[in-house]
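Asks: Pasting a structure here, questions to come.
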Amino acid sequence: MRFAVVQFPGSNCDQDCVHALRGLGQEARLVWHHETRLDPDEGVILPGGFSYGDYLRCGAIARFSPMMQSVKAAAERGQVVVGICNGFQILCEAGLLPGALTRNEGLHFRCEPSHLRVESPASRFTSGYGTGQMLRIPIAHGEGCYRAEPKVLEELEARQQILFRYCDAEGRVTAEANPNGSSHSIAGIRNQAGNVLGMMPHPERACEPEMGGLDGKGILLGAAGIGRSA
Amino acid sequence: MKAKEFALKLGLTEEEFDRIQNGLGREPNETELGMFSVMWSEHCSYKNTRKELRKFPTTGPAVLVKAGEENAGVVDAGDGLALAFKIESHNHPSAVEPFQGAATGVGGILRDIFTMGARPVAFMDSLRFGRPDAPGEAGKRTRSLIHGVVAGISHYGNCVGVPTVGGELVFDPAYEGNPLVNVFCLGTLRHDQIRRGAAKGVGNPVFYVGAKTGRDGLAGAAFASRDLTEESKADRPAVQVGDPFVGKLLFEACLELYARPDLVVGVQDMGAAGLTCSTCETASRGGSGIEIELRKVPQRETGMTPFETLLSESQERMLIIVRKGRERELKEIFARWGLDAAEIGTVTDTGRVVVMEGGKVVADLPARMLADDAPVYERAAMTPAKLAEKQKYDLGKILPAQPRVKEDLLKLARSPATGSRRWVWNQYDHMVGLRTVVRPGSDAAVLRVEKPGGGWVRVAMTLDGNGRWCAQDPREGSKALVAEACRNLACAGAVPLGLTDNLNYGNPHDPELFWQLREGVEGMAEACRAFDLPVTGGNVSLYNQSPSGPIHPTPVVGVVGKVDEGVKLAPAVFSTGGGEVVLLGTTASGGLGASLYLQEVHGVIAGKLAAVDLVSEKKLHAVTRMVLAQPGVRAVHDVGEGGILWALAEMTFGEGSAGGEFRVPCGKERPEEALFGEGAGRILVELDETSMPTVENLAKEGGVELTHLGRTGGKDLQVTVHGAEMIWPVAELRDGFEKSLPKALGP
Amino acid sequence: MKAVVTVTLKPSILDPQGEAVLHAVKGMGLQEVKSVRIGKHIELEIEGGDEKKLKAKLEEISRELLSNPVMENFHLDLRAGG
Amino acid sequence: MKAVVTVTLKPSILDPQGEAVLHAVKGMGLQEVKSVRIGKHIELEIEGGDEKKLKAKLEEISRELLSNPVMENFHLDLRAGG
Ligand SMILES: Nc1ncnc2c1ncn2[C@@H]1O[C@H](COP(=O)(O)OP(=O)(O)O)[C@@H](O)[C@H]1O
Ligand SMILES: [Mg+2]
């Protein structure tokens, strides 16, 4: 499948995403935030980084860029949209996913491998995994604490929109294993329609043994529509 | 005010003023004096240290751009790949405003690297503070400095998307009033992409790009109040604020610009001394002149005087000279990245920097005189009166009659001096870019770097300093730290290609302090020659002292090397058990002189480091690299601070690492010496039993001693020395190691 | 004209930075403090334009850009002069 | 009682955050904006204590903890009630 990786001023995981996608046999092109054209059959990646310096609030300014209007339209048409880290923040600010990402409870930026539990394999992004499967994928963020109204959290739970939760090395979801204080230990969610994914951990950093593992492959391949069989 | 009086206020000396006046054949005006005061400062001219710096070896087959030629040195990494790297200090700004001081330090070194045409791919940081666990106000202030500096580096480095992959963090009361913040950056480029900071081609336009100019950094010694407007007096900021967002856009825009063939003629960042430095240095290097109009300089504030505009140290700005007729291309690229680009002048053939404001000449000076004709001083050096006394020590008086090694190691393990630096590097994105093969926490960081023709080269790098060693013996201490840096690279299977150094010392007018610097430079130079290691650049930071005295003499070196093709990288921590552990290199511990052990466990700094045997050291590195190319190597780690016992302990701290049973060689010395001595020339290797014969053979052929220490396994660290056996549960040691720093620093 | 937009966290949202400051404030001896909340103070200098239109636009900007309705409230204050 | 401390950057200090927001605000169609500066709005809830002493203590806290005198100014405002 072909992916458009959107470059905002201040994006810095754009090339990493392109590298990982190509390594998985997918096509990837970079598109500048001023552009508006997206092909009807391509997936969209909003990469990590610090769009507009993350000033004001992460993702707050990026969501006004011309490309985001097209991304919104593409998401409504059912195209795949994946927001990673800063991309997740932008998706929330743009209203494509509910909730908001706030400053890590410990107040520090954290870059480290995180353990994730796959909560629901019933999505294209997780179809390559089993329920409860443990993944090890790095995080690198200062504002990854997921917050939403209690009602929204209930809905996310009820509709199995929570795809990944932080857990410890044994797979237990505990407060200590939660690196940023996210409500319900949320690390990644999808929209109701199932075509938009937002997650704080970086799957593109876990697609090569040399970079510390392969656990992120399934997510990107899932986005490309390649499930378990691959 | 008389010109001379004004010059003195700016920090120029009377002789320097006369030199300027004679050189010009007229009296300089105030703006011109301002320009001289910054260009002839130590920071820009190296007037006190130039003679010393000439002692470094700077040439070698791998050197593409030599020290002093450009903003950073460049070395050849083979296959058309070149590496640009340099270290820079931001000690004083960080003492005043730790967050912004450190952040702008990162921004500054970043610009030095991409100015060379290189894409920045890694940072390292070397930090020194007082003790965070000191009681009362001192400890509190130190903790807040550490929090601020680490947050500042994290802020800038993470935002620009360049991983911070290594560094050091050292505590010593000597840095309490004067912390050291040194930042290193490495960039990669093709040989044919190297950019020069030279203004060439009469009539070529001179562009100013990046952030607008404000009154940032206009304070300190090089500042006189009389020239200020009333408006600026009311608010005279010393603090420069970094904008990593603009920093990132600036380097992406510049790299895009460089990619256009024949567009850029010369480029120079605006760091210290801003517009003044960038214009006169490019003109001087190009053997040309430059004429600029200040009204065209994008300004953030109103009513700035020429003096202020020329001396401003606003961040994220560059000077770029392009080929005439290609102006539009530059403007388009910068507009796309949302950055200012203003044509502020042209290249001339007059050899002069001519500055105009509204068409009126406000400064007209020979470029060479500003950039290259600063006076060079030979400072007096004198062996410190108290040195011999400092170096004498009586172990019998310091150590207890009965060794208490068991407690000693636990004490060491719980000290913030030895604790895991995870608290720091977790705050740095050390993975962005997908190049970091060996992450922080090992002996050297390793990056994979794309070769121009495809495929990877693995590049290893390390930053090392040791103020305690150098305080006790600046010459041997400096040699030892170059040896240590190279040893760290050897543990990554890398051959060193080049060294960059930051000379952090006290006031050069104090002969005892200048002696430290001279000894340090000579020691480093000797070690570099022994390792065939060219010095490719660096930085000098003097006047590092507070009312309580000068810092330890603290040269910091950054060494970059290339990992041998056949090397399989091994972790610095033990496997899950069942491996053989050998010591490569000398069995002599070097004794406890200047050791961390004496400082941390017994509260004294005493004695001096044993002299490094550079010849044996070099052999050790070669053998280690060959060993790492063999199958069956499980772990490798060098012996450094804390001695062989601490090195063994550290090797048990990996996720899932086993403990082990070891016998440490000990001669007539006390067991503490054998266990905690910091002598150079030792590397520990864990390997499969089956690989032992090959490794023994390599060591023998390479002329390196090999000693069997024991085997890994179990959950305890068990060490026998002189027949006495000691046991520590690894979990207990590891707990101290993991928690000491967070505990000392607070949340 | 000057517009001051004050953005505060909704009461239900946890403010870890405020908590940290609360801790430090108590450490400095002010035991009477019960809570600390940290918001943003945003000043915009405006020249010209029709006041009424400006106000509507500023409301929009405060709502859409300067604050995030999921977790924040805002207050807009218009002042003559600078 | 409630204390509101407003911390603003000194006029000559660069405000990268404000610059980025200025761009965005213009992008949203408000061309009349000349500058944006972003500061902190800190609310402290206080119970009990002697008002005069509190005020002195709050001044100290604003100066030493809540603001950074090298770069920032602060304004302290005490309001009855909460
Ligand atoms: N300690 C040193 N050893 C070797 N070269 C040095 C040292 N200090 C400075 N240099 C070289 O002198 C030149 C000028 O340095 P510097 O003024 O620090 O550059 P910048 O203007 O980028 O700060 C650089 O090429 C630098 O590498
Ligand atoms: Mg430079």
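By convention in this document, the chains of the structure tokens carry letters A, B, ... by their order, each chain's residues are numbered from 1, and ligands are numbered from 1 in the order they are shown.
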Could you please tell me, as a list in words, which residues of chain A have an atom within 9 Å of chain D when using only C-alpha atoms?

Replies: Tyr52, Gly53, Asp54, Tyr55, Leu56, Ile61 and Phe64 of chain A

Asks: Need the shell around segment 125-131 of chain A: protein/DNA/RNA residues with any atom at most 12 Å away, counting only C-alpha atoms. Skip same-chain ones fewer than 2 positions apart. Format as a compact mmCIF listing (two decimals) with N, CA and C atoms, in the first residue's frame?

Replies:
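Once everything was written out, this is around_5.txt:
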```
# COMPACT_ATOMS: atom_id res chain seq x y z
N VAL A 80 -7.18 5.19 5.73
CA VAL A 80 -6.44 4.91 6.96
C VAL A 80 -5.60 6.13 7.37
N VAL A 81 -5.72 6.51 8.62
CA VAL A 81 -4.92 7.61 9.16
C VAL A 81 -4.27 7.14 10.46
N VAL A 82 -2.94 7.25 10.53
CA VAL A 82 -2.23 6.84 11.74
C VAL A 82 -1.45 8.03 12.29
N LEU A 116 3.58 -2.77 26.03
CA LEU A 116 2.19 -2.51 25.69
C LEU A 116 1.43 -3.82 25.67
N ARG A 117 0.17 -3.76 26.07
CA ARG A 117 -0.69 -4.93 25.96
C ARG A 117 -1.70 -4.65 24.87
N VAL A 118 -1.82 -5.59 23.96
CA VAL A 118 -2.81 -5.45 22.90
C VAL A 118 -4.17 -5.76 23.50
N GLU A 119 -5.06 -4.78 23.49
CA GLU A 119 -6.35 -4.94 24.16
C GLU A 119 -7.40 -5.56 23.28
N SER A 120 -7.30 -5.25 21.99
CA SER A 120 -8.33 -5.77 21.10
C SER A 120 -7.74 -6.04 19.74
N PRO A 121 -7.73 -7.29 19.31
CA PRO A 121 -7.20 -7.57 17.99
C PRO A 121 -8.24 -7.31 16.90
N ALA A 122 -9.42 -6.84 17.34
CA ALA A 122 -10.50 -6.63 16.36
C ALA A 122 -10.37 -5.26 15.71
N SER A 123 -9.21 -4.99 15.13
CA SER A 123 -9.06 -3.75 14.37
C SER A 123 -8.00 -4.02 13.34
N GLN A 133 -1.59 -9.90 23.87
CA GLN A 133 -0.18 -10.05 23.46
C GLN A 133 0.62 -8.84 23.96
N MET A 134 1.86 -9.12 24.36
CA MET A 134 2.71 -8.06 24.87
C MET A 134 3.65 -7.57 23.79
N LEU A 135 3.76 -6.27 23.69
CA LEU A 135 4.68 -5.68 22.73
C LEU A 135 5.68 -4.81 23.46
N GLN A 160 -14.47 -0.96 22.58
CA GLN A 160 -13.16 -1.56 22.30
C GLN A 160 -12.29 -0.71 21.40
N GLN A 161 -12.35 0.59 21.66
CA GLN A 161 -11.51 1.50 20.87
C GLN A 161 -10.11 1.65 21.46
N ILE A 162 -9.94 1.17 22.67
CA ILE A 162 -8.60 1.21 23.25
C ILE A 162 -7.83 0.02 22.72
N LEU A 163 -6.79 0.29 21.94
CA LEU A 163 -6.06 -0.81 21.32
C LEU A 163 -4.84 -1.22 22.14
N PHE A 164 -4.21 -0.24 22.78
CA PHE A 164 -2.99 -0.55 23.53
C PHE A 164 -3.03 0.13 24.91
N ARG A 165 -2.61 -0.64 25.91
CA ARG A 165 -2.41 -0.06 27.23
C ARG A 165 -0.98 -0.32 27.68
N GLY A 171 3.05 -8.06 31.75
CA GLY A 171 1.75 -7.86 31.12
C GLY A 171 0.70 -7.29 32.05
N GLY A 188 -2.85 3.86 23.13
CA GLY A 188 -3.29 4.06 21.76
C GLY A 188 -4.76 3.74 21.60
N ILE A 189 -5.43 4.56 20.79
CA ILE A 189 -6.86 4.32 20.55
C ILE A 189 -7.17 4.43 19.06
N ARG A 190 -8.33 3.89 18.69
CA ARG A 190 -8.79 4.08 17.32
C ARG A 190 -10.10 4.84 17.35
N ASN A 191 -10.52 5.36 16.21
CA ASN A 191 -11.84 6.01 16.16
C ASN A 191 -12.93 4.95 16.06
N GLY A 194 -12.92 2.88 12.97
CA GLY A 194 -11.84 1.90 12.90
C GLY A 194 -10.76 2.19 11.89
N ASN A 195 -10.80 3.35 11.25
CA ASN A 195 -9.76 3.65 10.25
C ASN A 195 -8.72 4.66 10.74
N VAL A 196 -8.94 5.22 11.94
CA VAL A 196 -7.98 6.20 12.46
C VAL A 196 -7.36 5.67 13.75
N LEU A 197 -6.03 5.65 13.78
CA LEU A 197 -5.31 5.18 14.97
C LEU A 197 -4.43 6.31 15.50
N GLY A 198 -4.46 6.48 16.82
CA GLY A 198 -3.51 7.41 17.45
C GLY A 198 -2.79 6.66 18.56
N MET A 199 -1.47 6.76 18.59
CA MET A 199 -0.72 6.10 19.67
C MET A 199 0.52 6.90 20.02
N PRO A 203 5.90 2.82 16.71
CA PRO A 203 6.09 1.51 16.07
C PRO A 203 7.23 1.54 15.05
N ASP A 215 8.54 -5.56 17.22
CA ASP A 215 7.15 -5.57 17.68
C ASP A 215 6.26 -4.52 17.04
N GLY A 216 6.87 -3.52 16.40
CA GLY A 216 6.05 -2.46 15.81
C GLY A 216 5.56 -2.79 14.41
N LYS A 217 6.16 -3.84 13.82
CA LYS A 217 5.84 -4.17 12.43
C LYS A 217 4.36 -4.40 12.20
N GLY A 218 3.76 -5.19 13.12
CA GLY A 218 2.36 -5.58 12.95
C GLY A 218 1.44 -4.38 12.81
N ILE A 219 1.74 -3.31 13.52
CA ILE A 219 0.87 -2.13 13.49
C ILE A 219 0.93 -1.47 12.12
N LEU A 220 2.14 -1.28 11.61
CA LEU A 220 2.28 -0.62 10.31
C LEU A 220 1.77 -1.53 9.19
N LEU A 221 2.04 -2.83 9.31
CA LEU A 221 1.51 -3.75 8.30
C LEU A 221 -0.01 -3.80 8.38
N GLY A 222 -0.53 -3.76 9.61
CA GLY A 222 -1.98 -3.73 9.78
C GLY A 222 -2.59 -2.51 9.12
N ALA A 223 -1.92 -1.38 9.29
CA ALA A 223 -2.40 -0.15 8.65
C ALA A 223 -2.44 -0.34 7.14
N ALA A 224 -1.47 -1.10 6.64
CA ALA A 224 -1.40 -1.35 5.20
C ALA A 224 -2.39 -2.43 4.76
N GLY A 225 -3.13 -2.93 5.71
CA GLY A 225 -4.15 -3.93 5.36
C GLY A 225 -3.60 -5.33 5.30
N ILE A 226 -2.41 -5.51 5.84
CA ILE A 226 -1.82 -6.85 5.85
C ILE A 226 -1.92 -7.38 7.28
N GLY A 227 -2.79 -8.33 7.48
CA GLY A 227 -3.04 -8.80 8.83
C GLY A 227 -2.17 -9.96 9.22
N ARG A 228 -2.71 -10.83 9.99
CA ARG A 228 -1.99 -11.94 10.59
C ARG A 228 -1.21 -12.78 9.59
N SER A 229 -1.84 -13.03 8.45
CA SER A 229 -1.24 -13.94 7.48
C SER A 229 0.18 -13.52 7.08
N ALA A 230 0.47 -12.23 7.15
CA ALA A 230 1.75 -11.75 6.64
C ALA A 230 2.92 -12.13 7.53
```

Asks: State, in Å with one decimal place, the distance from atom CA of Thr282 of chain B to atom CA of Gly157 of chain B.

Replies: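 About the pair atom CA of Thr282 of chain B and atom CA of Gly157 of chain B: they are 27.8 Å apart.
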
Asks: DSSP on the backbone: what in segment 26-86 of chain B comes out alpha helix (DSSP H), as a PyMOL selection string?

Replies: chain B and resi 30-39+42-45+50-53

Asks: Keeping C-alpha atoms, export the residues of the selection given above as a tab-separated table (two decimals), in the first residue's frame.

Replies:
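Output file part38.tsv is given in full below:
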```
chain	number	residue	atom	x	y	z
B	30	GLU	CA	32.59	53.33	19.50
B	31	THR	CA	30.88	50.90	17.18
B	32	GLU	CA	34.24	49.81	15.84
B	33	LEU	CA	35.60	49.40	19.33
B	34	GLY	CA	32.63	47.23	20.15
B	35	MET	CA	33.51	45.01	17.20
B	36	PHE	CA	37.13	44.74	18.28
B	37	SER	CA	36.17	44.01	21.86
B	38	VAL	CA	34.27	40.89	20.88
B	39	MET	CA	36.56	39.71	18.12
B	42	GLU	CA	39.40	35.10	24.36
B	43	HIS	CA	36.28	33.40	23.08
B	44	CYS	CA	36.80	34.49	19.48
B	45	SER	CA	40.54	35.06	19.23
B	50	ARG	CA	46.63	30.05	20.67
B	51	LYS	CA	50.27	29.26	21.37
B	52	GLU	CA	49.27	26.25	23.41
B	53	LEU	CA	46.74	24.96	20.89
```

Asks: Produce as a PyMOL selection string the set of residues near ligand 2, where near means within 9 Å with only C-alpha atoms and all ligand atoms considered.

Replies: chain B and resi 70-72+108-109+111-113+115+268-272+278

Asks: Distance limit 8 Å, atoms considered: only C-alpha atoms. Which chain B residues sit that close to chain A? Return them as a list in words.

Replies: Ser154, Cys159, Val160, Gly161, Pro244, Phe245, Lys248, Leu249, Trp337, Trp425, Asn426, Gln427, Tyr428, Asp429, His430, Met431, Val432, Gly433, Leu434, Arg435, Thr436, Val437 and Pro747 of chain B

Asks: Could you list the residues in chain D lying within 8 Å of chain B, using only C-alpha atoms, and format the result as a ChimeraX atom specification?

Replies: /D:10-16,70-71

Asks: Specify as an MDAnalysis selection string all residues of chain C found within 9 Å of chain D, counting only C-alpha atoms.

Replies: chainID C and resid 6:8 18 21:22 24:25 28:49 54 57:58 61 65:66

Asks: Please determine, counting only C-alpha atoms and all ligand atoms, which residue among B:Asp372, B:Asp125, B:Glu476, B:Asp688 has the shortest atom-to-atom distance to ligand 1.

Replies: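 The closest residue to ligand 1 is B:Asp372.
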
Asks: Name all residues at most 12 Å from Asp716 of chain B (count only C-alpha atoms; drop same-chain ones fewer than 3 positions away) and give them as a list in words.

Replies: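 The residues satisfying every condition are Gly577, Leu648, Ala649, Thr652, Phe653, Ser657, Ala658, Gly659, Gly660, Glu661, Phe662, Arg711, Thr712, Gly713, Val719, Met726, Ile727, Trp728, Pro729, Val730, Ala731, Glu732, Leu733 and Arg734 of chain B.
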
Asks: Grab the atom CA of Arg368 of chain B to atom CA of Val74 of chain B distance for me, in Å with one decimal place.

Replies: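 For atom CA of Arg368 of chain B relative to atom CA of Val74 of chain B, the distance reads 24.1 Å.
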
Asks: Check the smallest atom-to-atom distance from each of B:Arg518, B:Lys9, B:Arg295, B:Arg190 to ligand 1 using only C-alpha atoms and all ligand atoms, then report the winner.

Replies: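 Smallest separation from ligand 1 among the options: B:Arg518.
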
Asks: Any idea what the distance is between atom CA of Arg682 of chain B and atom CA of Gly714 of chain B?

Replies: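 Separating atom CA of Arg682 of chain B from atom CA of Gly714 of chain B is a distance of 24.7 Å.
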
Asks: Could you find all residues in chain D that DSSP calls strand (DSSP E) from the backbone, and write them as a PyMOL selection string?

Replies: chain D and resi 2-9+33-46+72-79

Asks: Can you write just those residues out, N, CA and C atoms, as a PDB file, in the first residue's frame?

Replies:
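The result, written out as again_27.pdb:
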```pdb
ATOM      1  N   LYS D   2      -7.872  33.943  47.511  1.00  0.00           N
ATOM      2  CA  LYS D   2      -7.242  33.468  46.294  1.00  0.00           C
ATOM      3  C   LYS D   2      -6.142  34.453  45.904  1.00  0.00           C
ATOM      4  N   ALA D   3      -5.003  33.913  45.534  1.00  0.00           N
ATOM      5  CA  ALA D   3      -3.939  34.783  45.022  1.00  0.00           C
ATOM      6  C   ALA D   3      -3.712  34.419  43.567  1.00  0.00           C
ATOM      7  N   VAL D   4      -3.632  35.431  42.720  1.00  0.00           N
ATOM      8  CA  VAL D   4      -3.337  35.176  41.317  1.00  0.00           C
ATOM      9  C   VAL D   4      -2.002  35.830  40.995  1.00  0.00           C
ATOM     10  N   VAL D   5      -1.076  35.015  40.562  1.00  0.00           N
ATOM     11  CA  VAL D   5       0.231  35.544  40.174  1.00  0.00           C
ATOM     12  C   VAL D   5       0.347  35.445  38.657  1.00  0.00           C
ATOM     13  N   THR D   6       0.561  36.585  38.042  1.00  0.00           N
ATOM     14  CA  THR D   6       0.745  36.587  36.596  1.00  0.00           C
ATOM     15  C   THR D   6       2.222  36.783  36.321  1.00  0.00           C
ATOM     16  N   VAL D   7       2.792  35.845  35.606  1.00  0.00           N
ATOM     17  CA  VAL D   7       4.225  35.911  35.306  1.00  0.00           C
ATOM     18  C   VAL D   7       4.389  36.180  33.815  1.00  0.00           C
ATOM     19  N   THR D   8       5.055  37.254  33.483  1.00  0.00           N
ATOM     20  CA  THR D   8       5.249  37.581  32.067  1.00  0.00           C
ATOM     21  C   THR D   8       6.736  37.710  31.754  1.00  0.00           C
ATOM     22  N   LEU D   9       7.078  37.471  30.506  1.00  0.00           N
ATOM     23  CA  LEU D   9       8.468  37.631  30.079  1.00  0.00           C
ATOM     24  C   LEU D   9       8.811  39.108  30.019  1.00  0.00           C
ATOM     25  N   VAL D  33      -3.157  41.691  14.462  1.00  0.00           N
ATOM     26  CA  VAL D  33      -2.335  41.381  15.631  1.00  0.00           C
ATOM     27  C   VAL D  33      -0.876  41.704  15.350  1.00  0.00           C
ATOM     28  N   LYS D  34      -0.258  42.463  16.255  1.00  0.00           N
ATOM     29  CA  LYS D  34       1.132  42.862  16.051  1.00  0.00           C
ATOM     30  C   LYS D  34       2.093  41.990  16.853  1.00  0.00           C
ATOM     31  N   SER D  35       1.648  41.549  18.006  1.00  0.00           N
ATOM     32  CA  SER D  35       2.542  40.685  18.784  1.00  0.00           C
ATOM     33  C   SER D  35       1.730  39.824  19.744  1.00  0.00           C
ATOM     34  N   VAL D  36       2.296  38.685  20.064  1.00  0.00           N
ATOM     35  CA  VAL D  36       1.686  37.790  21.049  1.00  0.00           C
ATOM     36  C   VAL D  36       2.761  37.431  22.057  1.00  0.00           C
ATOM     37  N   ARG D  37       2.448  37.556  23.335  1.00  0.00           N
ATOM     38  CA  ARG D  37       3.392  37.174  24.390  1.00  0.00           C
ATOM     39  C   ARG D  37       2.663  36.236  25.335  1.00  0.00           C
ATOM     40  N   ILE D  38       3.324  35.170  25.708  1.00  0.00           N
ATOM     41  CA  ILE D  38       2.652  34.173  26.542  1.00  0.00           C
ATOM     42  C   ILE D  38       3.315  34.083  27.912  1.00  0.00           C
ATOM     43  N   GLY D  39       2.500  34.239  28.930  1.00  0.00           N
ATOM     44  CA  GLY D  39       3.004  34.152  30.287  1.00  0.00           C
ATOM     45  C   GLY D  39       2.232  33.104  31.069  1.00  0.00           C
ATOM     46  N   LYS D  40       2.445  33.093  32.375  1.00  0.00           N
ATOM     47  CA  LYS D  40       1.756  32.107  33.212  1.00  0.00           C
ATOM     48  C   LYS D  40       0.729  32.773  34.096  1.00  0.00           C
ATOM     49  N   HIS D  41      -0.331  32.067  34.339  1.00  0.00           N
ATOM     50  CA  HIS D  41      -1.398  32.536  35.206  1.00  0.00           C
ATOM     51  C   HIS D  41      -1.493  31.496  36.318  1.00  0.00           C
ATOM     52  N   ILE D  42      -1.080  31.878  37.509  1.00  0.00           N
ATOM     53  CA  ILE D  42      -0.990  30.900  38.593  1.00  0.00           C
ATOM     54  C   ILE D  42      -1.986  31.267  39.686  1.00  0.00           C
ATOM     55  N   GLU D  43      -2.878  30.345  39.982  1.00  0.00           N
ATOM     56  CA  GLU D  43      -3.889  30.597  41.012  1.00  0.00           C
ATOM     57  C   GLU D  43      -3.582  29.792  42.261  1.00  0.00           C
ATOM     58  N   LEU D  44      -3.520  30.462  43.385  1.00  0.00           N
ATOM     59  CA  LEU D  44      -3.294  29.757  44.649  1.00  0.00           C
ATOM     60  C   LEU D  44      -4.500  29.950  45.550  1.00  0.00           C
ATOM     61  N   GLU D  45      -5.052  28.859  46.030  1.00  0.00           N
ATOM     62  CA  GLU D  45      -6.152  28.915  47.003  1.00  0.00           C
ATOM     63  C   GLU D  45      -5.533  28.907  48.390  1.00  0.00           C
ATOM     64  N   ILE D  46      -5.976  29.862  49.211  1.00  0.00           N
ATOM     65  CA  ILE D  46      -5.367  29.976  50.538  1.00  0.00           C
ATOM     66  C   ILE D  46      -6.449  29.978  51.612  1.00  0.00           C
ATOM     67  N   GLU D  72      11.925  37.216  33.784  1.00  0.00           N
ATOM     68  CA  GLU D  72      10.481  37.433  33.931  1.00  0.00           C
ATOM     69  C   GLU D  72      10.133  38.505  34.958  1.00  0.00           C
ATOM     70  N   ASN D  73       8.963  39.103  34.781  1.00  0.00           N
ATOM     71  CA  ASN D  73       8.351  39.962  35.789  1.00  0.00           C
ATOM     72  C   ASN D  73       7.141  39.230  36.338  1.00  0.00           C
ATOM     73  N   PHE D  74       6.703  39.639  37.525  1.00  0.00           N
ATOM     74  CA  PHE D  74       5.465  39.042  38.023  1.00  0.00           C
ATOM     75  C   PHE D  74       4.555  40.111  38.607  1.00  0.00           C
ATOM     76  N   HIS D  75       3.293  39.770  38.676  1.00  0.00           N
ATOM     77  CA  HIS D  75       2.315  40.655  39.275  1.00  0.00           C
ATOM     78  C   HIS D  75       1.464  39.817  40.208  1.00  0.00           C
ATOM     79  N   LEU D  76       1.357  40.263  41.452  1.00  0.00           N
ATOM     80  CA  LEU D  76       0.606  39.495  42.443  1.00  0.00           C
ATOM     81  C   LEU D  76      -0.712  40.196  42.742  1.00  0.00           C
ATOM     82  N   ASP D  77      -1.765  39.433  42.763  1.00  0.00           N
ATOM     83  CA  ASP D  77      -3.090  39.997  42.966  1.00  0.00           C
ATOM     84  C   ASP D  77      -3.814  39.144  44.011  1.00  0.00           C
ATOM     85  N   LEU D  78      -4.204  39.783  45.107  1.00  0.00           N
ATOM     86  CA  LEU D  78      -4.897  39.038  46.166  1.00  0.00           C
ATOM     87  C   LEU D  78      -6.387  39.312  46.098  1.00  0.00           C
ATOM     88  N   ARG D  79      -7.165  38.264  46.088  1.00  0.00           N
ATOM     89  CA  ARG D  79      -8.607  38.456  46.021  1.00  0.00           C
ATOM     90  C   ARG D  79      -9.270  37.728  47.170  1.00  0.00           C
TER      91      ARG D  79
END
```

Asks: Kindly indicate which residue among B:Val636, B:Leu409, B:Ala273, B:Ala445 lies nearest to ligand 1, using only C-alpha atoms and all ligand atoms for the distances.

Replies: B:Ala273

Asks: Quick one: residues within 9 Å of segment 146-149 of chain A, only C-alpha atoms, excluding same-chain residues fewer than 3 positions away - as a list in words?

Replies: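 Neighbouring residues, sequence-local ones excluded: Pro98, Gly99, Ala100, Leu101, Thr102, Arg103, Asn104, Glu143, Val152, Leu153, Glu154, Asn180, Gly181, Ser182, Ser183, His184, Ser185, Ile186 and Ala187 of chain A; Ser12, Ile13, Val70 and Met71 of chain C.
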